[in-house]
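What follows is the content of structure_2.txt (compact mmCIF, C-alpha atoms and all ligand atoms).
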# COMPACT_ATOMS: atom_id res chain seq x y z
CA MET A 1 29.29 8.94 -14.76
CA LYS A 2 29.47 5.17 -14.73
CA LEU A 3 26.00 3.70 -14.75
CA VAL A 4 24.84 0.10 -14.52
CA LEU A 5 21.42 -0.67 -15.99
CA LEU A 6 19.83 -3.65 -14.28
CA GLY A 7 16.58 -5.44 -15.03
CA ALA A 8 15.06 -8.75 -16.10
CA PRO A 9 14.99 -9.74 -19.77
CA GLY A 10 12.38 -7.50 -21.41
CA ALA A 11 12.38 -4.94 -18.58
CA GLY A 12 13.24 -2.22 -21.09
CA LYS A 13 16.99 -1.83 -20.57
CA GLY A 14 17.74 -1.43 -24.29
CA THR A 15 14.79 0.94 -24.78
CA GLN A 16 15.87 3.20 -21.92
CA ALA A 17 19.58 2.90 -22.73
CA GLU A 18 19.04 4.46 -26.15
CA LYS A 19 17.27 7.46 -24.59
CA ILE A 20 19.72 7.81 -21.68
CA SER A 21 22.79 7.69 -23.88
CA ALA A 22 21.31 10.36 -26.21
CA LYS A 23 20.33 12.75 -23.40
CA TYR A 24 23.31 12.29 -21.07
CA SER A 25 26.02 11.57 -23.66
CA LEU A 26 26.96 8.25 -22.11
CA LYS A 27 28.67 5.57 -24.16
CA HIS A 28 26.22 2.64 -24.36
CA ILE A 29 27.89 -0.72 -23.80
CA SER A 30 25.52 -3.66 -24.18
CA THR A 31 27.07 -7.10 -23.73
CA GLY A 32 24.10 -8.67 -25.52
CA ASP A 33 24.67 -6.40 -28.55
CA ILE A 34 28.40 -7.19 -28.51
CA PHE A 35 27.70 -10.92 -28.49
CA ARG A 36 25.11 -10.61 -31.29
CA ALA A 37 27.59 -8.62 -33.43
CA ASN A 38 30.17 -11.36 -32.86
CA ILE A 39 27.66 -14.06 -33.78
CA LYS A 40 26.81 -12.18 -36.98
CA GLY A 41 30.49 -11.78 -37.79
CA GLY A 42 31.20 -15.48 -37.17
CA THR A 43 34.04 -14.71 -34.73
CA PRO A 44 35.33 -17.29 -32.19
CA ILE A 45 33.61 -15.30 -29.40
CA GLY A 46 30.38 -15.35 -31.42
CA LYS A 47 30.61 -19.12 -31.94
CA LEU A 48 31.13 -19.65 -28.21
CA ALA A 49 28.42 -17.18 -27.16
CA LYS A 50 25.74 -18.57 -29.49
CA SER A 51 25.37 -21.91 -27.72
CA TYR A 52 24.88 -20.17 -24.35
CA ILE A 53 22.53 -17.49 -25.66
CA ASP A 54 20.38 -20.04 -27.50
CA ALA A 55 20.09 -22.01 -24.24
CA GLY A 56 19.17 -18.90 -22.22
CA LYS A 57 22.34 -19.25 -20.14
CA LEU A 58 25.06 -16.75 -19.35
CA VAL A 59 28.14 -16.65 -21.56
CA PRO A 60 31.19 -17.65 -19.43
CA ASP A 61 32.22 -14.92 -17.00
CA ASP A 62 35.86 -14.55 -17.94
CA VAL A 63 35.11 -14.02 -21.64
CA THR A 64 32.39 -11.49 -20.77
CA CYS A 65 34.49 -9.57 -18.23
CA GLU A 66 37.40 -9.24 -20.67
CA ILE A 67 35.07 -7.85 -23.34
CA VAL A 68 33.70 -5.22 -20.97
CA LYS A 69 37.14 -4.33 -19.60
CA SER A 70 38.38 -3.51 -23.07
CA ALA A 71 35.13 -1.74 -24.06
CA VAL A 72 35.37 0.73 -21.17
CA GLN A 73 39.05 1.44 -21.62
CA GLY A 74 39.64 5.18 -22.07
CA ALA A 75 36.00 6.11 -21.45
CA ASP A 76 34.96 8.22 -18.45
CA ASP A 77 31.22 8.24 -18.96
CA TYR A 78 29.39 5.08 -19.88
CA MET A 79 26.38 2.91 -19.25
CA LEU A 80 26.61 -0.85 -18.92
CA ASP A 81 23.48 -2.58 -20.23
CA GLY A 82 23.33 -6.27 -19.32
CA PHE A 83 26.57 -6.29 -17.34
CA PRO A 84 27.23 -7.30 -14.62
CA ARG A 85 24.87 -10.24 -14.58
CA ASN A 86 26.00 -12.05 -11.46
CA VAL A 87 27.95 -11.24 -8.31
CA TYR A 88 31.21 -12.58 -9.74
CA GLN A 89 30.99 -10.15 -12.69
CA ALA A 90 30.09 -7.29 -10.31
CA GLU A 91 33.16 -7.98 -8.19
CA LYS A 92 35.34 -8.08 -11.30
CA LEU A 93 33.83 -4.78 -12.45
CA ASP A 94 34.63 -3.22 -9.07
CA GLY A 95 38.25 -4.14 -9.80
CA PHE A 96 38.51 -1.97 -12.91
CA ALA A 97 35.75 0.67 -12.62
CA GLN A 98 34.06 2.80 -9.98
CA VAL A 99 30.32 2.41 -10.55
CA ASP A 100 28.37 5.55 -9.53
CA ILE A 101 24.83 4.27 -9.79
CA CYS A 102 22.85 1.13 -10.55
CA LEU A 103 19.44 1.84 -12.10
CA ASN A 104 17.15 -1.13 -11.57
CA LEU A 105 14.10 -1.33 -13.86
CA GLU A 106 11.45 -3.32 -12.04
CA VAL A 107 8.68 -4.81 -14.18
CA ASP A 108 6.02 -7.40 -13.26
CA LYS A 109 7.05 -10.86 -14.38
CA ALA A 110 3.67 -11.34 -16.05
CA LEU A 111 4.49 -8.60 -18.59
CA LEU A 112 7.96 -9.81 -19.54
CA MET A 113 7.07 -12.83 -21.70
CA ASP A 114 4.67 -10.79 -23.86
CA ARG A 115 7.12 -7.93 -24.20
CA ILE A 116 9.95 -10.17 -25.35
CA CYS A 117 7.97 -12.43 -27.64
CA GLY A 118 6.33 -9.36 -29.19
CA ARG A 119 9.61 -7.55 -29.77
CA ARG A 120 10.73 -6.84 -33.32
CA MET A 121 14.20 -5.54 -34.12
CA CYS A 122 15.83 -3.66 -36.96
CA VAL A 123 19.46 -3.93 -38.09
CA CYS A 124 19.79 -0.20 -37.32
CA GLY A 125 19.28 -1.06 -33.62
CA ALA A 126 15.70 0.17 -33.30
CA SER A 127 13.33 -2.02 -31.30
CA TYR A 128 9.53 -2.19 -31.42
CA HIS A 129 6.66 -4.14 -29.94
CA VAL A 130 4.17 -5.69 -32.39
CA SER A 131 1.26 -4.13 -30.51
CA ARG A 132 2.49 -0.67 -31.53
CA LEU A 133 3.44 -1.46 -35.14
CA ASN A 134 -0.10 -1.35 -36.60
CA GLY A 135 0.77 -4.29 -38.82
CA SER A 136 3.90 -2.67 -40.23
CA GLU A 137 6.86 -5.00 -40.81
CA VAL A 138 9.45 -2.32 -41.56
CA CYS A 139 11.47 0.03 -39.38
CA ALA A 140 9.95 3.50 -38.94
CA LYS A 141 13.44 4.98 -38.71
CA CYS A 142 15.22 3.45 -41.72
CA GLY A 143 12.61 1.42 -43.64
CA LYS A 144 14.47 -1.91 -43.36
CA PRO A 145 12.53 -5.13 -42.62
CA LEU A 146 12.02 -6.00 -38.96
CA TYR A 147 13.05 -9.36 -37.54
CA ARG A 148 12.69 -11.37 -34.34
CA ARG A 149 15.74 -12.16 -32.18
CA GLU A 150 16.55 -15.89 -32.18
CA ASP A 151 16.45 -16.05 -28.37
CA ASP A 152 13.02 -14.36 -28.25
CA ASN A 153 11.03 -17.61 -28.33
CA PRO A 154 8.96 -18.79 -25.32
CA GLU A 155 11.23 -21.75 -24.40
CA THR A 156 14.43 -19.69 -24.36
CA VAL A 157 12.71 -16.77 -22.63
CA GLU A 158 11.63 -19.13 -19.79
CA LYS A 159 15.29 -20.11 -19.34
CA ARG A 160 16.46 -16.48 -19.51
CA LEU A 161 13.97 -15.51 -16.80
CA GLU A 162 15.17 -18.41 -14.61
CA THR A 163 18.78 -17.35 -15.14
CA TYR A 164 17.86 -13.80 -14.20
CA GLU A 165 16.16 -14.90 -10.94
CA SER A 166 18.94 -17.21 -9.82
CA GLN A 167 22.00 -15.25 -10.93
CA THR A 168 21.21 -11.61 -11.69
CA ALA A 169 18.53 -10.61 -9.16
CA PRO A 170 21.05 -10.94 -6.27
CA LEU A 171 22.73 -7.83 -7.71
CA ILE A 172 19.83 -5.78 -6.35
CA ASP A 173 21.13 -6.51 -2.84
CA TYR A 174 24.75 -6.17 -3.98
CA TYR A 175 24.30 -2.58 -5.19
CA GLY A 176 21.81 -1.83 -2.41
CA ALA A 177 24.47 -2.67 0.17
CA GLN A 178 26.85 -0.27 -1.60
CA GLY A 179 24.23 2.51 -1.44
CA LYS A 180 24.23 2.78 -5.25
CA LEU A 181 20.85 1.28 -6.10
CA LYS A 182 17.95 3.29 -7.52
CA THR A 183 14.88 1.26 -8.43
CA ILE A 184 12.34 2.50 -10.95
CA ILE A 185 8.99 0.76 -10.50
CA CYS A 186 7.86 0.61 -14.12
CA GLY A 187 4.38 -0.92 -13.62
CA ASP A 188 2.53 -0.42 -16.88
CA LYS A 189 4.18 2.93 -17.60
CA SER A 190 5.00 3.72 -21.22
CA PRO A 191 8.68 3.94 -22.28
CA GLU A 192 8.37 7.75 -22.18
CA GLU A 193 6.96 7.70 -18.64
CA VAL A 194 9.71 5.36 -17.49
CA PHE A 195 12.28 7.66 -19.09
CA ALA A 196 10.84 10.64 -17.21
CA ALA A 197 11.32 8.70 -13.94
CA VAL A 198 14.87 7.78 -14.99
CA CYS A 199 15.68 11.44 -15.73
CA GLU A 200 14.33 12.50 -12.35
CA VAL A 201 16.80 10.13 -10.68
CA LEU A 202 19.77 11.05 -12.90
CA ASP A 203 19.13 14.80 -12.66
CA SER A 204 19.11 14.57 -8.88
CA LEU A 205 22.65 13.14 -8.75
P1 LIG A 301 20.66 -9.14 -23.60
O1 LIG A 301 20.72 -8.69 -25.01
O2 LIG A 301 21.26 -8.28 -22.54
O3 LIG A 301 19.15 -9.49 -23.29
P2 LIG A 301 18.25 -9.40 -21.97
O4 LIG A 301 18.90 -8.96 -20.71
O5 LIG A 301 17.56 -10.72 -21.94
O6 LIG A 301 17.36 -8.22 -22.23
P3 LIG A 301 16.53 -7.91 -23.51
O7 LIG A 301 17.40 -7.30 -24.56
O8 LIG A 301 15.71 -9.11 -23.92
O9 LIG A 301 15.48 -6.89 -22.92
P4 LIG A 301 15.61 -5.37 -22.52
O10 LIG A 301 15.54 -5.25 -21.03
O11 LIG A 301 16.75 -4.69 -23.22
O12 LIG A 301 14.21 -4.86 -23.06
P5 LIG A 301 13.84 -3.99 -24.36
O13 LIG A 301 14.18 -2.56 -24.12
O14 LIG A 301 14.37 -4.60 -25.62
O15 LIG A 301 21.37 -10.56 -23.45
C1 LIG A 301 21.08 -11.62 -24.34
C2 LIG A 301 21.92 -12.83 -23.95
O16 LIG A 301 23.33 -12.53 -24.03
C3 LIG A 301 21.73 -13.32 -22.50
O17 LIG A 301 20.62 -14.19 -22.38
C4 LIG A 301 23.07 -14.03 -22.24
O18 LIG A 301 23.09 -15.30 -22.82
C5 LIG A 301 24.07 -13.15 -23.00
N1 LIG A 301 24.66 -12.12 -22.14
C6 LIG A 301 24.43 -10.78 -22.21
N2 LIG A 301 25.12 -10.13 -21.24
C7 LIG A 301 25.80 -11.09 -20.54
C8 LIG A 301 26.66 -11.06 -19.42
N3 LIG A 301 26.95 -9.92 -18.77
N4 LIG A 301 27.16 -12.24 -18.97
C9 LIG A 301 26.88 -13.39 -19.59
N5 LIG A 301 26.05 -13.50 -20.65
C10 LIG A 301 25.51 -12.35 -21.12
O19 LIG A 301 12.26 -4.12 -24.31
C11 LIG A 301 11.63 -5.38 -24.56
C12 LIG A 301 10.31 -5.17 -25.33
O20 LIG A 301 9.42 -4.42 -24.50
C13 LIG A 301 10.45 -4.37 -26.64
O21 LIG A 301 9.52 -4.87 -27.55
C14 LIG A 301 10.09 -2.93 -26.24
O22 LIG A 301 9.57 -2.21 -27.33
C15 LIG A 301 9.04 -3.18 -25.15
N6 LIG A 301 9.04 -2.17 -24.09
C16 LIG A 301 10.10 -1.57 -23.51
N7 LIG A 301 9.72 -0.70 -22.55
C17 LIG A 301 8.34 -0.78 -22.51
C18 LIG A 301 7.33 -0.14 -21.73
N8 LIG A 301 7.65 0.76 -20.78
N9 LIG A 301 6.05 -0.46 -21.94
C19 LIG A 301 5.71 -1.37 -22.90
N10 LIG A 301 6.61 -2.00 -23.69
C20 LIG A 301 7.92 -1.70 -23.50
Could you write out this file's structure as structure tokens?
Amino acid sequence: MKLVLLGAPGAGKGTQAEKISAKYSLKHISTGDIFRANIKGGTPIGKLAKSYIDAGKLVPDDVTCEIVKSAVQGADDYMLDGFPRNVYQAEKLDGFAQVDICLNLEVDKALLMDRICGRRMCVCGASYHVSRLNGSEVCAKCGKPLYRREDDNPETVEKRLETYESQTAPLIDYYGAQGKLKTIICGDKSPEEVFAAVCEVLDSL
């Protein structure tokens, strides 16, 4: 299965991707994670990506498409989290992969800012929201200190949401026209409730 996970910043793509990849044995490919690893490693791609990510803009398409093309090479079953992010990237993807389904996580805009600004991360990849940490500042899974992503500040989040509306939201129609779109209305459902809805869709395929 080749799955595209679509949704605004903070919609819960990373949260659901972790659960989906564990249950359905799909390779999880997150372009955001790949860029952050490159930034941490000080690579040329990381240096390029940082200026765009800090500004809430998309990293240039050709760099991003090449990264994904090589990440999917040799894999039959995978989930793309954060890619494609505009119609150009989707068309490029169609040139090297046959997407089976696009899962669109729909969340009220009003919730997104709080979710992102309240997110705390761990180096092990775990993600939390401050409201559910009961004051703890360490990861429940590995005990390491939690941190806030550099692009999770209100100014950058505003830009990321604008970028999503202008460039990424058109993909809803793109995959809808291909008959591959499944939208999960998340409302105020918990991550577990959203995952149950995701499983219902995936199990019906
Ligand atoms: P990326 O890392 O992909 O970030 P994003 O799309 O902005 O999404 P987030 O990671 O912020 O949110 P999420 O949907 O994964 O939500 P999460 O599960 O963490 O991209 C970062 C940057 O990289 C981009 O801005 C761009 O510059 C660049 N980039 C990446 N891909 C690119 C591409 N293809 N082309 C060009 N540039 C690219 O959840 C958020 C919070 O909510 C957490 O605190 C979580 O605990 C909480 N939460 C989750 N689900 C629920 C729930 N159901 N109820 C309550 N709280 C919940």
Got a sec to check which residues lie within 7 Å of ligand LIG 301 (chain A), using all atoms listed in the file, and send them as an NGL selection string?
-> :A and (7-16 or 30-33 or 35 or 52-53 or 56-61 or 64 or 81-85 or 115-116 or 118-120 or 127-129 or 160 or 186 or 188-191 or 194)
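Across the structure, atom CA of A:Glu150 and atom CA of A:Ala71 are spaced 24.7 Å apart.
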Residue among A:Asn86, A:Thr183, A:Gly46, A:Asp114 lying closest to A:Gln167, counting all atoms listed in the file | A:Asn86
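Candidate residues A:Gln98, A:Ser70, A:Asn104, A:Asn134 were compared for distance to A:Lys2, and the nearest is A:Gln98, using only C-alpha atoms.
For the residues A:Leu133, A:Val87, A:Val157, A:Val4, ranking by smallest atom-to-atom distance to A:Asp54 using only C-alpha atoms places A:Val157 first.
Applying the 7 Å criterion to (28.2, 9.9, -21.5) in file coordinates and using only C-alpha atoms, one obtains the residues Met1, Ser21, Tyr24, Ser25, Leu26, Lys27, Asp77 and Tyr78 of chain A.
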May I have the selected residues written with C-alpha atoms, as a PDB file, in the coordinates of the input?
ATOM      1  CA  MET A   1      29.290   8.940 -14.760  1.00  0.00           C
ATOM      2  CA  SER A  21      22.790   7.690 -23.880  1.00  0.00           C
ATOM      3  CA  TYR A  24      23.310  12.290 -21.070  1.00  0.00           C
ATOM      4  CA  SER A  25      26.020  11.570 -23.660  1.00  0.00           C
ATOM      5  CA  LEU A  26      26.960   8.250 -22.110  1.00  0.00           C
ATOM      6  CA  LYS A  27      28.670   5.570 -24.160  1.00  0.00           C
ATOM      7  CA  ASP A  77      31.220   8.240 -18.960  1.00  0.00           C
ATOM      8  CA  TYR A  78      29.390   5.080 -19.880  1.00  0.00           C
TER       9      TYR A  78
END
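Distance check against A:Glu155 using all atoms listed in the file: of A:Lys109, A:Asp173, A:Ala55, A:Leu80, the minimum falls on A:Ala55.
Atom CA of A:Lys180 sits 15.7 Å away from atom CA of A:Glu106.
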Non-local contacts of A:Lys182 (10 Å; all atoms listed in the file; under 5 positions in same chain excluded) as number ranges by chain | A: 5-6, 101-105, 172, 175-176, 198, 201-202
